[in-house]
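Structure record follows, encoded as structure tokens.
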Amino acid sequence: MTLRKLWIKILASVSVSMLAWGAVPADAQFGMLGDLAKRAGVSMPSLRKAPITTSLADAAWGDPSQDGFVPPLPKRNLAELQRTPNGGFVLQPGYYSFHDQSYCLHAGTHGPGNGDGYLYAPPLGAAKDAVIAIVRNSVQHPEIEQHTIQTLLWAILSRAKLEDLSDENRVAAAKLLSARQLAGLNRSVVDMLSAGPIANNLPAEVRAALRAEADLRQMLVTPGTSYGELERVAVLAGMAPVGAGSEAVPTGRWSEHPDGYWVRYLPGSYTNTVVEIWVPDDAPGIGAEFDPATHIAVPGNTARQRLIQSGRAYRQS
């Protein structure tokens with residue numbers, strides 16, 4: 001059976017169950033885009049909710065009282081801890097560090113920069129389950145290159161149909177996603193906001209993100225597009241402005257995770273982040289799972305990228 005026939009069979013097997021997963025009401029907002037458009041006085045058309053909506057407003061666990069604090073313990077490699085089937089780690093008392101593969105979840109914005117702080121927030125949005133699944137399941141598939149995983153995530157963010165991607169990307173998606181998730185990501189989408197009078201009335205940062213998504217959508221289904229070309233659209237070069245709604249978050253600020261431990265993020269670039277975790281002796285988080293795929297590092301500067309973490313160690317190529 002050819003790859004395309006196998007793909008069609010997977011989609012057909014769940015197509016009936018997907019019929020109820022249709023459009024949202026006309027007055028529904030979809031994440032930060034909907035909020036910005038509403039403030040701009042723009043009436044939004046009926047569209048599905050944004051794939052990932054996690055924003056600075058969702059990063060409610062930053063702990064300024066711990067700024068400058070360094071746990072008075074030897075730092076240990078998080079990889080020493082017991083792993084979970086999710087590719088996570090069973091936390092024990094101590095101070096840990098893990099240099100992981102991280103991924104851009106905000107195309108058309110700038111990568112990390114010196115002096116920028118990041119806070120914990122959970123994945124939110126219509127495609128959060130698929131995004132988590134790709135990153136989480138990648139731990140069990142070390143043969144899938146980091147660039148391929150990032151490409152799949154950009155495909156989801158830009159609402160490209162996975163069935164139109166390259167053979168390599170479709171094979172990777174079939175390994176990392178369930179049949180239902182695959183079918184859900186192959187639904188048609190409306191991109192009427194990317195150009196025209198509606199887009200012209202949106203804030204500049206929203207127009208830039210929409211243009212990047214539209215460009216990525218086209219490039220992802222164009223044979224021969226290189227990863228470098230995708231990266232130039234998704235990751236902006238040059239000096240990052242201060243985005244609307246930004247907050248002053250210093251480098252290395254701890255977030256008090258709701259499971260009962262502290263975590264902070266020190267990105268080297270969008271591709272890799274040093275995650276540090278502090279679990280005091282009496283912390284409720286002892287025995288809890290740290291699942292990196294459920295952690296999005298959200299920058300205080302909204303012009304920079306949200307970075308989802310993974311349980312795969314980063315190795316400089």
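Starting from 1 in every chain, residues are counted up; chains themselves are A, B, ... following the order of the structure tokens, and ligands are numbered from 1 as listed.
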query: If you count only C-alpha atoms, which residues fall within 12 Å of A:Arg312, apart from same-chain ones fewer than 3 positions away, as a PyMOL selection string?
result: chain A and resi 78-79+83+86-89+98-103+135-146+149+271-275+291-293+308-309+315
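Of the residues under consideration (A:Val235, A:Leu182, A:Leu152, A:Leu105), A:Leu152 shows the shortest atom-to-atom contact distance to A:Arg217 when counting only C-alpha atoms.
Neighbouring residues of A:Pro74 at 12 Å or closer, counting only C-alpha atoms and skipping chain neighbours under 3 positions away, are Val70, Pro71, Asn77, Pro93, Gly94, Tyr95, Tyr96, Ser97 and Trp278 of chain A.
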Go ahead and save the residues from that selection, with N, CA, C and O atoms, as a compact mmCIF listing (two decimals), in the first residue's frame.
```txt
# COMPACT_ATOMS: atom_id res chain seq x y z
N VAL A 70 19.29 31.49 44.09
CA VAL A 70 19.94 30.27 43.58
C VAL A 70 19.86 29.23 44.69
O VAL A 70 20.35 29.47 45.80
N PRO A 71 19.24 28.09 44.44
CA PRO A 71 19.13 27.06 45.49
C PRO A 71 20.50 26.70 46.04
O PRO A 71 21.46 26.51 45.28
N ASN A 77 21.85 16.87 37.06
CA ASN A 77 21.25 16.67 35.75
C ASN A 77 19.87 16.04 35.94
O ASN A 77 19.75 14.97 36.56
N PRO A 93 13.44 15.75 45.71
CA PRO A 93 14.03 16.98 46.26
C PRO A 93 15.39 17.27 45.62
O PRO A 93 16.19 16.37 45.39
N GLY A 94 15.61 18.54 45.30
CA GLY A 94 16.90 18.91 44.73
C GLY A 94 16.79 20.05 43.74
O GLY A 94 15.72 20.61 43.49
N TYR A 95 17.93 20.39 43.18
CA TYR A 95 18.08 21.47 42.21
C TYR A 95 18.59 20.82 40.92
O TYR A 95 19.66 20.21 40.91
N TYR A 96 17.82 20.96 39.84
CA TYR A 96 18.08 20.21 38.62
C TYR A 96 18.17 21.14 37.41
O TYR A 96 17.58 22.23 37.38
N SER A 97 18.88 20.64 36.40
CA SER A 97 19.00 21.36 35.14
C SER A 97 18.88 20.37 33.99
O SER A 97 19.33 19.22 34.10
N TRP A 278 13.64 23.50 40.84
CA TRP A 278 13.99 23.47 42.26
C TRP A 278 12.83 22.82 43.02
O TRP A 278 11.69 23.28 42.95
```
message: When you look at stretch 296-305 of chain A with a cut-off of 10 Å (counting only C-alpha atoms), what residues show up, excluding the ones that are within fewer than 5 positions of it in the same chain? I need them as a count of residues only.
response: 52
- request: Enter the distance from atom CA of A:Val233 to atom CA of A:Ala183, in Å, rounded to one decimal.
  value: 26.6 Å
message: I'd like to know which of A:Leu210, A:Leu176, A:Met239, A:Ile156 is closest to A:Ala133, using only C-alpha atoms.
response: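 Among A:Leu210, A:Leu176, A:Met239, A:Ile156, it is A:Leu176 that comes nearest to A:Ala133.
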task: From a DSSP calculation on the backbone, collect every residue of stretch 41-154 of chain A in strand (DSSP E) and output the set as number ranges by chain.
output: A: 75-77, 89-90, 94-101, 103-104, 109-110, 118-121
Residues as selected, C-alpha atoms, written as a short mmCIF file (atom, residue, chain, number, x, y, z; two decimals), in the first residue's frame, can you do that?
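Final output, again.cif:
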```
data_model
loop_
_atom_site.label_atom_id
_atom_site.label_comp_id
_atom_site.auth_asym_id
_atom_site.auth_seq_id
_atom_site.Cartn_x
_atom_site.Cartn_y
_atom_site.Cartn_z
CA LYS A 75 22.95 21.35 40.59
CA ARG A 76 22.13 17.90 39.22
CA ASN A 77 21.25 16.67 35.75
CA PHE A 89 10.65 12.97 34.95
CA VAL A 90 9.55 11.93 38.46
CA GLY A 94 16.90 18.91 44.73
CA TYR A 95 18.08 21.47 42.21
CA TYR A 96 18.08 20.21 38.62
CA SER A 97 19.00 21.36 35.14
CA PHE A 98 18.09 19.98 31.73
CA HIS A 99 19.21 21.35 28.34
CA ASP A 100 16.31 20.40 26.10
CA GLN A 101 15.12 20.73 22.55
CA TYR A 103 10.23 24.62 19.71
CA CYS A 104 8.77 27.87 18.40
CA THR A 109 7.97 36.86 15.91
CA HIS A 110 11.53 37.22 17.17
CA TYR A 118 10.28 33.69 30.47
CA LEU A 119 7.42 32.38 32.59
CA TYR A 120 5.57 29.07 32.81
CA ALA A 121 2.18 28.69 31.13
#
```
message: One decimal, in Å: what's the spacing between atom CA of A:Arg159 and atom CA of A:His295?
response: 21.9 Å
field: Of the listed residues A:Trp254, A:Ser226, A:Gly285, A:Ala130, that which approaches A:Ala179 most closely, counting only C-alpha atoms
entry: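 So, comparing all the options, the nearest one is A:Ala130.
Remark: for A:Ala60, the closest of the candidate residues A:Gly268, A:Pro258, A:Pro284, A:Gly228 is A:Pro258 (distances computed over only C-alpha atoms).
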- request: Please provide the set of residues having any atom within 12 Å of A:Leu230, restricted to only C-alpha atoms, with same-chain residues fewer than 5 positions apart removed, written as a PyMOL selection string.
  value: chain A and resi 104+107-108+147-148+150-155+158+212-222+224-225+235-236
Could the residues in this selection be written to a file with C-alpha atoms, as a short mmCIF file (atom, residue, chain, number, x, y, z; two decimals), in the first residue's frame?
```
data_model
loop_
_atom_site.label_atom_id
_atom_site.label_comp_id
_atom_site.auth_asym_id
_atom_site.auth_seq_id
_atom_site.Cartn_x
_atom_site.Cartn_y
_atom_site.Cartn_z
CA CYS A 104 8.77 27.87 18.40
CA ALA A 107 5.57 32.16 14.00
CA GLY A 108 6.36 35.63 12.68
CA HIS A 147 13.71 20.22 12.21
CA THR A 148 10.96 17.81 11.16
CA GLN A 150 9.39 21.98 14.25
CA THR A 151 8.05 21.85 10.71
CA LEU A 152 5.01 19.88 11.89
CA LEU A 153 4.39 22.41 14.64
CA TRP A 154 4.61 25.30 12.15
CA ALA A 155 2.18 23.43 9.92
CA SER A 158 -0.29 28.05 10.14
CA ALA A 212 3.78 34.77 8.40
CA GLU A 213 1.13 32.06 8.81
CA ALA A 214 -0.11 32.54 5.26
CA ASP A 215 3.45 32.41 3.88
CA LEU A 216 4.25 29.30 5.90
CA ARG A 217 1.05 27.62 4.70
CA GLN A 218 2.07 28.16 1.08
CA MET A 219 5.70 27.23 1.60
CA LEU A 220 4.90 24.04 3.51
CA VAL A 221 3.02 22.58 0.56
CA THR A 222 5.49 23.80 -2.07
CA GLY A 224 11.57 21.89 -2.50
CA THR A 225 11.05 24.46 0.26
CA VAL A 235 11.72 33.53 13.16
CA LEU A 236 12.25 37.24 12.55
#
```
task: Measuring atom to atom with only C-alpha atoms, identify which of A:Pro51, A:Arg253, A:Ile132, A:Ser166 is nearest to A:Gly115.
output: A:Arg253
Of the listed residues A:Asp164, A:Asn114, A:Gly238, A:Asp129, that which approaches A:Ser178 most closely, counting only C-alpha atoms: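 Counting only C-alpha atoms, the residue closest to A:Ser178 is A:Asp129.
The shell of residues at most 10 Å from A:Gln66, with only C-alpha atoms counted and near chain neighbours (fewer than 2 positions) removed, consists of Gly62, Asp63, Pro64, Gly68, Phe69, Val70, Gly252, Arg253, Trp254, Ser255, Glu256 and Trp262 of chain A.
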Give me every alpha helix (DSSP H) residue in stretch 223-275 of chain A, going by DSSP on the backbone, as a PDB file with N, CA and C atoms, in the first residue's frame.
```pdb
ATOM      1  N   TYR A 227      14.173  24.003   5.016  1.00  0.00           N
ATOM      2  CA  TYR A 227      13.890  24.398   6.395  1.00  0.00           C
ATOM      3  C   TYR A 227      14.362  25.830   6.644  1.00  0.00           C
ATOM      4  N   GLY A 228      15.501  26.184   6.070  1.00  0.00           N
ATOM      5  CA  GLY A 228      16.010  27.542   6.240  1.00  0.00           C
ATOM      6  C   GLY A 228      15.040  28.595   5.738  1.00  0.00           C
ATOM      7  N   GLU A 229      14.353  28.311   4.643  1.00  0.00           N
ATOM      8  CA  GLU A 229      13.362  29.253   4.113  1.00  0.00           C
ATOM      9  C   GLU A 229      12.182  29.388   5.061  1.00  0.00           C
ATOM     10  N   LEU A 230      11.731  28.267   5.632  1.00  0.00           N
ATOM     11  CA  LEU A 230      10.649  28.313   6.620  1.00  0.00           C
ATOM     12  C   LEU A 230      11.075  29.123   7.840  1.00  0.00           C
ATOM     13  N   GLU A 231      12.294  28.883   8.285  1.00  0.00           N
ATOM     14  CA  GLU A 231      12.801  29.552   9.484  1.00  0.00           C
ATOM     15  C   GLU A 231      12.864  31.061   9.293  1.00  0.00           C
ATOM     16  N   ARG A 232      13.239  31.523   8.101  1.00  0.00           N
ATOM     17  CA  ARG A 232      13.344  32.966   7.860  1.00  0.00           C
ATOM     18  C   ARG A 232      11.989  33.662   7.965  1.00  0.00           C
ATOM     19  N   VAL A 233      10.923  32.935   7.655  1.00  0.00           N
ATOM     20  CA  VAL A 233       9.576  33.504   7.782  1.00  0.00           C
ATOM     21  C   VAL A 233       9.083  33.427   9.227  1.00  0.00           C
ATOM     22  N   ALA A 234       9.345  32.290   9.882  1.00  0.00           N
ATOM     23  CA  ALA A 234       8.788  32.057  11.218  1.00  0.00           C
ATOM     24  C   ALA A 234       9.557  32.776  12.313  1.00  0.00           C
TER      25      ALA A 234
END
```
